[in-house]
$ cat run.txt   # compact mmCIF, C-alpha atoms
# COMPACT_ATOMS: atom_id res chain seq x y z
CA MET X 596 143.96 58.65 78.11
CA ALA X 597 143.37 60.05 81.56
CA ARG X 598 145.79 59.04 84.28
CA GLU X 599 145.37 59.53 87.96
CA PRO X 600 148.03 58.63 90.53
CA ILE X 601 146.61 56.64 93.41
CA ASP X 602 149.52 56.82 95.82
CA PRO X 603 151.68 59.70 97.01
CA ASP X 604 154.84 58.69 95.14
CA GLY X 605 152.94 58.16 91.90
CA ARG X 606 154.14 54.60 91.31
CA ASN X 607 150.60 53.33 90.93
CA GLU X 608 148.05 55.02 88.75
CA VAL X 609 144.54 54.53 87.49
CA VAL X 610 144.24 54.79 83.72
CA LYS X 611 140.98 55.37 81.89
CA PRO X 612 140.85 53.23 78.72
CA PRO X 613 140.87 55.36 75.59
CA ARG X 614 138.13 53.38 73.85
CA ASP X 615 134.60 53.11 75.10
CA LEU X 616 132.62 50.23 73.63
CA ARG X 617 129.40 52.05 74.42
CA SER X 618 130.03 54.01 71.25
CA LYS X 619 129.66 50.79 69.22
CA VAL X 620 126.67 49.39 71.03
CA ARG X 621 123.15 50.66 71.31
CA VAL X 622 120.56 49.87 73.95
CA LEU X 623 117.49 48.74 72.04
CA SER X 624 114.35 50.81 72.40
CA GLY X 625 111.41 49.27 74.21
CA ARG X 626 109.76 48.41 70.93
CA GLU X 627 112.92 46.84 69.49
CA ALA X 628 113.62 45.00 72.73
CA ALA X 629 110.16 43.50 72.65
CA GLN X 630 111.03 41.94 69.31
CA PHE X 631 114.59 40.81 70.06
CA ASP X 632 115.87 39.29 73.28
CA PRO X 633 119.58 38.45 72.84
CA VAL X 634 119.58 35.78 75.54
CA LYS X 635 116.53 34.00 74.20
CA SER X 636 117.91 34.28 70.70
CA ALA X 637 121.20 32.67 71.82
CA GLU X 638 119.31 29.94 73.66
CA ALA X 639 117.33 29.24 70.51
CA ALA X 640 120.58 29.08 68.51
CA LEU X 641 121.96 26.54 70.99
CA GLU X 642 118.75 24.54 70.77
CA ARG X 643 119.17 24.32 67.01
CA LEU X 644 122.68 23.03 67.59
CA SER X 645 121.63 20.49 70.19
CA GLY X 646 120.93 17.79 67.63
CA ASP X 647 124.70 17.35 67.39
CA PHE X 648 125.35 17.21 71.14
CA GLU X 649 125.07 13.45 71.49
CA ASN X 650 127.72 12.88 68.81
CA TRP X 651 129.96 15.54 70.36
CA MET X 652 129.68 13.92 73.78
CA GLU X 653 130.52 10.51 72.32
CA ASP X 654 133.50 12.03 70.57
CA GLU X 655 134.77 13.63 73.79
CA ALA X 656 134.38 10.31 75.64
CA ARG X 657 136.35 8.57 72.87
CA THR X 658 139.12 11.16 73.21
CA LEU X 659 139.30 10.47 76.95
CA ALA X 660 139.32 6.71 76.40
CA ALA X 661 142.08 7.04 73.81
CA ALA X 662 144.21 9.09 76.22
CA TRP X 663 143.73 6.41 78.85
CA ALA X 664 144.55 3.64 76.34
CA ASP X 665 147.84 5.40 75.57
CA ILE X 666 148.72 5.39 79.26
CA GLN X 667 147.85 1.71 79.54
CA SER X 668 149.95 0.72 76.55
CA ASP X 669 152.90 3.12 76.89
CA GLY X 670 152.96 3.87 80.61
CA LEU X 671 152.15 6.94 82.66
CA ASP X 672 154.33 10.00 82.23
CA GLU X 673 153.79 13.74 82.59
CA ASP X 674 152.87 14.31 78.94
CA ARG X 675 150.36 11.48 78.75
CA SER X 676 148.93 12.51 82.10
CA GLN X 677 148.42 16.03 80.73
CA VAL X 678 146.60 14.68 77.66
CA LEU X 679 144.28 12.69 79.91
CA PHE X 680 143.73 15.69 82.17
CA ARG X 681 142.88 17.96 79.26
CA ALA X 682 140.37 15.44 77.91
CA ALA X 683 138.73 15.17 81.33
CA HIS X 684 138.83 18.94 81.75
CA ASP X 685 137.08 19.45 78.41
CA ILE X 686 134.34 17.04 79.46
CA LYS X 687 134.03 18.71 82.84
CA GLY X 688 133.47 22.05 81.12
CA GLN X 689 131.16 20.94 78.36
CA ALA X 690 129.12 17.99 79.56
CA SER X 691 126.39 20.05 81.21
CA THR X 692 125.98 22.23 78.14
CA LEU X 693 125.79 19.08 76.02
CA GLY X 694 123.10 17.67 78.30
CA TYR X 695 125.17 15.20 80.37
CA PRO X 696 125.58 16.88 83.78
CA LEU X 697 126.46 13.69 85.67
CA VAL X 698 129.17 12.86 83.15
CA GLY X 699 130.53 16.33 83.87
CA ALA X 700 130.52 15.53 87.58
CA VAL X 701 132.61 12.36 87.08
CA ALA X 702 135.03 14.25 84.84
CA GLY X 703 135.25 17.02 87.43
CA ASN X 704 136.08 14.46 90.07
CA LEU X 705 138.81 12.98 87.88
CA CYS X 706 140.29 16.46 87.36
CA HIS X 707 140.13 17.06 91.11
CA LEU X 708 142.02 13.83 91.74
CA MET X 709 144.66 14.57 89.10
CA GLU X 710 145.19 18.12 90.36
CA HIS X 711 145.84 16.98 93.91
CA VAL X 712 148.06 13.95 93.29
CA ASP X 713 151.50 13.94 91.69
CA THR X 714 151.51 12.00 88.44
CA PRO X 715 153.69 9.06 89.63
CA ALA X 716 151.41 8.60 92.65
CA LEU X 717 148.13 8.60 90.71
CA PRO X 718 145.92 5.66 91.71
CA LEU X 719 145.52 4.10 88.27
CA THR X 720 142.68 1.80 89.23
CA LEU X 721 140.65 4.78 90.40
CA VAL X 722 141.52 6.72 87.25
CA ALA X 723 140.40 3.74 85.16
CA GLN X 724 137.12 3.61 87.06
CA HIS X 725 136.44 7.24 86.19
CA VAL X 726 137.21 6.67 82.52
CA ASP X 727 135.00 3.57 82.44
CA ALA X 728 132.19 5.39 84.22
CA ILE X 729 132.25 8.26 81.73
CA ARG X 730 132.33 5.85 78.81
CA ALA X 731 129.43 3.81 80.19
CA MET X 732 127.29 6.83 81.08
CA VAL X 733 127.71 8.31 77.60
CA GLN X 734 127.08 4.94 75.97
CA GLU X 735 123.92 4.47 78.04
CA LYS X 736 122.91 8.09 77.38
CA ALA X 737 122.60 8.83 81.08
CA ARG X 738 121.45 12.40 80.64
CA GLN X 739 118.99 12.78 83.48
CA GLU X 740 120.34 14.11 86.76
CA ASP X 741 118.03 11.76 88.66
CA ASN X 742 119.28 8.63 86.90
CA PRO X 743 119.75 6.44 90.01
CA THR X 744 122.57 4.27 88.67
CA ALA X 745 124.56 7.18 87.31
CA ARG X 746 124.01 9.21 90.46
CA ALA X 747 125.18 6.32 92.65
CA LEU X 748 128.27 6.01 90.49
CA VAL X 749 129.03 9.71 90.81
CA GLU X 750 128.63 9.63 94.59
CA ARG X 751 130.71 6.47 94.98
CA LEU X 752 133.59 7.80 92.88
CA ALA X 753 133.56 11.09 94.78
CA ASP X 754 133.62 9.22 98.11
CA VAL X 755 136.50 6.96 97.08
CA THR X 756 138.43 9.94 95.72
CA ASP X 757 137.91 11.92 98.92
CA ASP X 758 139.03 8.92 100.97
CA PHE X 759 142.15 8.55 98.85
CA LEU X 760 143.03 12.24 99.11
CA THR X 761 142.43 12.24 102.85
CA ARG X 762 144.66 9.21 103.35
CA GLN X 763 147.30 10.78 101.15
CA SER X 764 147.25 14.09 103.03
CA ASP X 765 147.47 12.15 106.31
CA GLY X 766 150.54 10.38 104.94
CA LYS X 767 149.05 6.89 105.16
CA MET J 639 117.56 42.98 87.60
CA PRO J 640 116.51 42.82 83.93
CA LEU J 641 119.34 42.90 81.44
CA PRO J 642 119.25 45.63 78.81
CA ASN J 643 118.77 44.29 75.31
CA LEU J 644 121.72 45.53 73.30
CA ASP J 645 122.41 45.90 69.61
CA LEU J 646 125.79 44.14 69.39
CA SER J 647 125.92 43.98 65.61
CA GLU J 648 128.96 46.29 65.38
CA LEU J 649 130.95 44.41 68.01
CA ARG J 650 133.97 42.39 66.87
CA VAL J 651 134.63 39.41 69.12
CA LEU J 652 137.56 37.01 69.18
CA ILE J 653 137.13 33.50 70.56
CA ALA J 654 140.30 31.71 71.71
CA GLU J 655 139.37 28.11 72.43
CA ASP J 656 141.12 24.90 71.48
CA ASN J 657 138.07 22.66 71.70
CA PRO J 658 136.14 22.83 68.40
CA TYR J 659 132.80 22.00 70.01
CA MET J 660 133.08 24.70 72.64
CA ARG J 661 134.19 27.13 69.94
CA GLN J 662 131.06 26.33 67.98
CA ILE J 663 128.87 26.77 71.06
CA LEU J 664 130.40 30.16 71.81
CA ARG J 665 130.11 31.25 68.20
CA MET J 666 126.43 30.28 68.08
CA MET J 667 125.77 32.18 71.29
CA LEU J 668 127.47 35.30 69.94
CA ILE J 669 125.56 35.11 66.68
CA GLY J 670 122.40 34.66 68.73
CA TYR J 671 123.19 37.89 70.59
CA GLY J 672 123.40 39.62 67.24
CA VAL J 673 127.21 39.82 66.92
CA ARG J 674 128.12 39.74 63.24
CA THR J 675 131.91 39.62 63.32
CA VAL J 676 133.42 36.67 65.15
CA PHE J 677 137.06 35.62 64.86
CA GLU J 678 138.19 32.21 66.03
CA ALA J 679 141.58 30.97 67.22
CA GLU J 680 142.50 27.41 68.16
CA ASP J 681 145.14 28.46 70.66
CA GLY J 682 146.61 31.49 72.33
CA ALA J 683 149.32 31.99 69.74
CA GLU J 684 146.80 32.22 66.90
CA ALA J 685 144.67 34.48 69.08
CA LEU J 686 147.59 36.87 69.55
CA GLU J 687 148.02 37.13 65.78
CA LEU J 688 144.31 37.85 65.37
CA VAL J 689 144.38 40.47 68.11
CA ALA J 690 147.10 42.26 66.17
CA SER J 691 145.59 41.83 62.71
CA SER J 692 141.83 41.99 63.26
CA ALA J 693 141.35 44.56 66.01
CA PRO J 694 138.64 42.81 68.00
CA ASP J 695 136.66 44.78 70.59
CA LEU J 696 136.42 41.90 73.03
CA VAL J 697 138.22 38.60 73.66
CA LEU J 698 136.69 35.42 75.03
CA THR J 699 139.44 33.03 76.02
CA ASP J 700 139.57 29.52 77.32
CA TRP J 701 142.04 29.15 80.15
CA LEU J 702 143.57 25.74 79.47
CA MET J 703 144.97 25.82 75.92
CA PRO J 704 148.05 24.39 74.26
CA ILE J 705 151.12 26.48 73.36
CA VAL J 706 149.92 29.79 74.81
CA ASN J 707 147.28 29.42 77.50
CA GLY J 708 144.68 31.93 78.60
CA ALA J 709 146.84 33.46 81.34
CA GLU J 710 149.79 33.93 78.99
CA LEU J 711 147.54 35.33 76.27
CA THR J 712 146.10 37.83 78.75
CA ARG J 713 149.52 38.94 79.96
CA MET J 714 150.76 39.34 76.37
CA ILE J 715 147.73 41.43 75.41
CA ARG J 716 148.25 43.64 78.45
CA GLN J 717 151.84 44.24 77.29
CA MET J 718 150.76 45.39 73.82
CA PRO J 719 150.64 49.08 72.90
CA ALA J 720 147.50 51.10 73.59
CA PRO J 721 144.68 50.81 72.81
CA THR J 722 145.07 47.02 72.40
CA CYS J 723 146.33 46.57 75.95
CA PHE J 724 142.94 47.75 77.23
CA LEU J 725 140.95 45.02 75.46
CA PRO J 726 138.23 43.56 77.65
CA ILE J 727 139.05 39.87 78.20
CA ILE J 728 136.52 37.35 79.47
CA ALA J 729 138.13 34.14 80.72
CA ILE J 730 136.01 31.05 80.26
CA THR J 731 137.25 28.19 82.36
CA ALA J 732 136.26 24.78 83.63
CA HIS J 733 138.38 25.45 86.71
CA THR J 734 136.19 26.08 89.72
CA GLU J 735 138.72 26.35 92.50
CA LYS J 736 139.13 29.74 94.04
CA ARG J 737 142.92 29.81 93.70
CA ARG J 738 142.49 29.36 89.93
CA ILE J 739 139.98 32.18 89.72
CA LEU J 740 142.26 34.46 91.72
CA ALA J 741 145.18 33.57 89.45
CA ALA J 742 143.04 34.47 86.44
CA ARG J 743 142.15 37.80 87.99
CA ASP J 744 145.77 38.57 88.79
CA SER J 745 146.82 37.95 85.19
CA GLY J 746 144.65 40.88 84.08
CA ILE J 747 141.33 39.52 82.88
CA THR J 748 138.23 41.68 82.94
CA GLU J 749 135.60 39.05 83.75
CA VAL J 750 135.60 35.34 84.43
CA MET J 751 133.01 32.76 83.60
CA CYS J 752 133.18 29.23 84.93
CA LYS J 753 131.87 26.52 82.62
CA PRO J 754 129.29 25.36 81.91
CA VAL J 755 128.51 28.46 79.94
CA SER J 756 124.95 29.69 79.78
CA ALA J 757 123.53 32.14 77.27
CA ARG J 758 122.46 34.44 80.08
CA GLY J 759 125.74 34.21 81.99
CA LEU J 760 127.89 35.04 78.99
CA TYR J 761 125.59 37.88 77.89
CA LEU J 762 125.73 39.32 81.39
CA ARG J 763 129.51 39.47 81.28
CA ILE J 764 129.66 40.94 77.79
CA ALA J 765 127.08 43.57 78.76
CA ASN J 766 129.10 44.31 81.89
CA CYS J 767 132.27 44.86 79.87
CA ILE J 768 130.41 47.32 77.66
CA LEU J 769 128.12 49.16 80.05
CA ASN J 770 130.30 49.11 83.17
CA PRO J 771 133.84 49.34 81.84
CA ARG J 772 136.62 49.08 84.38
CA ASP J 773 139.38 51.59 84.76
CA PHE J 774 142.86 50.10 84.57
CA VAL J 775 145.54 50.04 87.22
CA ARG J 776 149.20 50.39 86.39
CA SER J 777 151.70 49.53 89.10
CA PRO J 778 155.28 48.26 88.97
CA SER J 779 154.01 44.69 89.12
CA PHE J 780 150.58 44.79 87.47
CA PHE J 781 148.71 46.28 84.56
CA GLY J 782 145.10 45.37 84.13
CA PRO J 783 141.51 46.15 84.95
CA ASP J 784 140.86 47.60 88.37
CA ARG J 785 139.20 45.09 90.62
CA ARG J 786 136.98 47.91 91.82
CA ARG J 787 134.47 48.84 89.17
CA PHE J 788 133.92 52.19 90.79
CA GLN J 789 136.42 54.41 92.57
CA ALA J 790 135.73 55.29 96.17
CA PRO J 791 138.09 58.15 96.98
CA LEU J 792 136.82 58.42 100.53
CA HIS J 793 137.39 54.72 101.23
CA ASN J 794 139.61 54.44 104.30
CA GLY J 795 139.45 50.71 104.90
CA THR J 796 141.98 47.94 104.78
CA GLU J 797 143.74 47.19 101.52
CA ARG J 798 142.45 43.76 100.64
CA ARG J 799 144.77 42.75 97.84
CA GLY J 800 147.11 40.08 99.05
CA THR J 801 146.01 40.27 102.66
CA GLY J 802 144.02 37.09 102.74
CA ILE J 803 140.89 38.95 103.68
CA ALA J 804 137.78 37.67 101.95
CA ASP J 805 137.45 39.26 98.56
CA GLY J 806 133.70 39.58 98.55
CA TYR J 807 133.15 37.12 95.75
CA THR J 808 129.53 36.53 95.05
CA LEU J 809 127.76 34.52 92.44
CA ASP J 810 125.01 35.70 90.24
CA GLU J 811 121.60 34.22 89.71
CA THR J 812 121.52 30.82 91.36
CA GLY J 813 124.31 31.46 93.87
CA GLU J 814 125.73 27.99 93.45
CA LEU J 815 128.92 28.63 95.37
CA SER J 816 129.09 30.75 98.44
CA GLN J 817 132.09 32.66 99.72
CA SER J 818 132.00 30.72 102.96
CA GLN J 819 132.10 27.39 101.12
CA GLU J 820 135.11 28.46 99.15
CA ASN J 821 136.86 29.86 102.21
CA ALA J 822 136.23 26.65 104.07
CA ALA J 823 137.69 24.64 101.22
CA VAL J 824 140.77 26.83 101.05
CA ALA J 825 141.19 26.94 104.82
CA THR J 826 141.16 23.17 105.09
CA GLY J 827 143.65 22.80 102.28
CA ARG J 828 141.05 20.88 100.35
CA ALA J 829 140.41 23.44 97.69
CA GLY J 830 137.58 22.19 95.55
CA ALA J 831 136.34 19.73 98.13
CA SER J 832 133.17 21.75 98.44
CA ASP J 833 132.61 21.84 94.72
CA PRO J 834 129.07 20.50 94.34
CA SER J 835 129.61 19.81 90.65
CA ARG J 836 131.87 16.89 91.62
CA ARG J 837 128.87 15.13 93.07
CA GLY J 838 126.48 16.01 90.33
CA GLY J 839 124.95 18.81 92.33
CA ALA J 840 124.35 22.29 91.10
CA PRO J 841 127.33 23.02 88.90
CA VAL J 842 129.67 25.77 90.01
CA ARG J 843 129.50 28.44 87.42
CA GLN J 844 129.13 32.07 86.64
CA VAL J 845 131.41 33.53 89.26
CA ARG J 846 130.38 37.11 89.31
CA THR J 847 132.01 40.04 90.87
CA SER J 848 130.56 42.89 92.76
CA GLY J 849 131.68 45.87 94.70
CA GLN J 850 135.22 46.12 95.91
CA GLY J 851 137.81 43.47 95.65
CA THR J 852 136.46 41.73 92.64
CA VAL J 853 137.81 40.15 89.53

$ encode --input "run.txt" --output "structure tokens"
Amino acid sequence: MAREPIDPDGRNEVVKPPRDLRSKVRVLSGREAAQFDPVKSAEAALERLSGDFENWMEDEARTLAAAWADIQSDGLDEDRSQVLFRAAHDIKGQASTLGYPLVGAVAGNLCHLMEHVDTPALPLTLVAQHVDAIRAMVQEKARQEDNPTARALVERLADVTDDFLTRQSDGK
Amino acid sequence: MPLPNLDLSELRVLIAEDNPYMRQILRMMLIGYGVRTVFEAEDGAEALELVASSAPDLVLTDWLMPIVNGAELTRMIRQMPAPTCFLPIIAITAHTEKRRILAARDSGITEVMCKPVSARGLYLRIANCILNPRDFVRSPSFFGPDRRRFQAPLHNGTERRGTGIADGYTLDETGELSQSQENAAVATGRAGASDPSRRGGAPVRQVRTSGQGTV
């Protein structure tokens, strides 16, 4: 593999990788490309999968609710907080793909709150409101981004969270 | 710019993702692109074993995983003997805060994709890894893909790494998150406060890199 020092004393160097994936991949000819579009093909594959998305979203919401139930019954500690965070983080990452963008927004807000507040200082009522909101939105199949009730909920939770974080950073 | 349609049938791809649904989504996308050989790992530790035993050409890794997370997996791969240490690694993460993206870059990933994943966004990154491979940089404290895709020997400007100067992050396609928004969030100590996805706006995703000072 080719090496090229990039500073006078030779402590840093640029290395050319020995393998080039272009040798394993071919750019399709115009005729072939007209018959096969990888992106459209992947989108079609996802569409075929989408019949399962509602069940998957319900399952993710159940996982979040179960993590919250554990905190309610056994108390909040670092481990249980992490389990709740991971469940919210999964929903944040997947909800849009599964067709529930506003649920993803609530989960994102919950992650934002948990990332900026130490576990013992977490406002549990506000956390519970996020969990309840996600559960309700999934139960009511609030998939549309213009769903007025869901949108109001998202905005309100984001406002309350921002207020809390502002007060906390101001030391109030 | 139109994407080239590639024959990816010979490509061997490893998915490291603890969530079974996201794993299935990624697998279906890869199969849709025409990839025939897909390996799956439920965590970073299993992924490391598969890297050693199955010789994948490309790794897609979630960032938040149990046991060995995406950052640790990346660092471990970069410490393996050549040619494995040069594996292209695409980090797929639900984190949208700039400090997280910078941390991912500094652990040695090749590309980053913020969830939600889209078929186009993921294809773009895979195609980038193949058609525009990065050179690697070895220094006493780092081994990984060069943030600059192309060398500019005549460049006489300021060294940006670690100086706090804007890194020139841009987003592809919809441009959901601007550099100035992110800088504002970081500058005010409210990283993520500008994240529109928190309010159900356009989701932050598909952080793309361009020019100098990129992931």

$ interface_residues --input "run.txt" --of "chain X" --to "chain J" --cutoff "7 Å" --atoms "only C-alpha atoms" --output "compact mmCIF listing (two decimals) with C-alpha atoms, in the coordinates of the input"
# COMPACT_ATOMS: atom_id res chain seq x y z
CA ARG X 606 154.14 54.60 91.31
CA ASN X 607 150.60 53.33 90.93
CA GLU X 608 148.05 55.02 88.75
CA VAL X 609 144.54 54.53 87.49
CA VAL X 610 144.24 54.79 83.72
CA LYS X 611 140.98 55.37 81.89
CA PRO X 612 140.85 53.23 78.72
CA PRO X 613 140.87 55.36 75.59
CA LEU X 616 132.62 50.23 73.63
CA ARG X 617 129.40 52.05 74.42
CA LYS X 619 129.66 50.79 69.22
CA VAL X 620 126.67 49.39 71.03
CA ARG X 621 123.15 50.66 71.31
CA VAL X 622 120.56 49.87 73.95
CA LEU X 623 117.49 48.74 72.04
CA ALA X 628 113.62 45.00 72.73
CA ASP X 632 115.87 39.29 73.28
CA PRO X 633 119.58 38.45 72.84
CA VAL X 634 119.58 35.78 75.54
CA SER X 636 117.91 34.28 70.70
CA ALA X 637 121.20 32.67 71.82
CA GLU X 638 119.31 29.94 73.66
CA ALA X 640 120.58 29.08 68.51
CA LEU X 641 121.96 26.54 70.99
CA HIS X 684 138.83 18.94 81.75
CA LYS X 687 134.03 18.71 82.84
CA GLY X 688 133.47 22.05 81.12
CA GLN X 689 131.16 20.94 78.36
CA SER X 691 126.39 20.05 81.21
CA THR X 692 125.98 22.23 78.14
CA PRO X 696 125.58 16.88 83.78
CA LEU X 697 126.46 13.69 85.67
CA ALA X 700 130.52 15.53 87.58
CA VAL X 701 132.61 12.36 87.08
CA GLY X 703 135.25 17.02 87.43
CA ASN X 704 136.08 14.46 90.07
CA VAL X 749 129.03 9.71 90.81
CA GLU X 750 128.63 9.63 94.59
CA ALA X 753 133.56 11.09 94.78

$ atom_distance --input "run.txt" --atom1 "atom CA of X:Ala716" --atom2 "atom CA of X:Val678"
16.9 Å

$ atom_distance --input "run.txt" --atom1 "atom CA of X:Asp758" --atom2 "atom CA of X:Thr720"
14.2 Å

$ atom_distance --input "run.txt" --atom1 "atom CA of X:Ala639" --atom2 "atom CA of X:Ala683"
27.8 Å
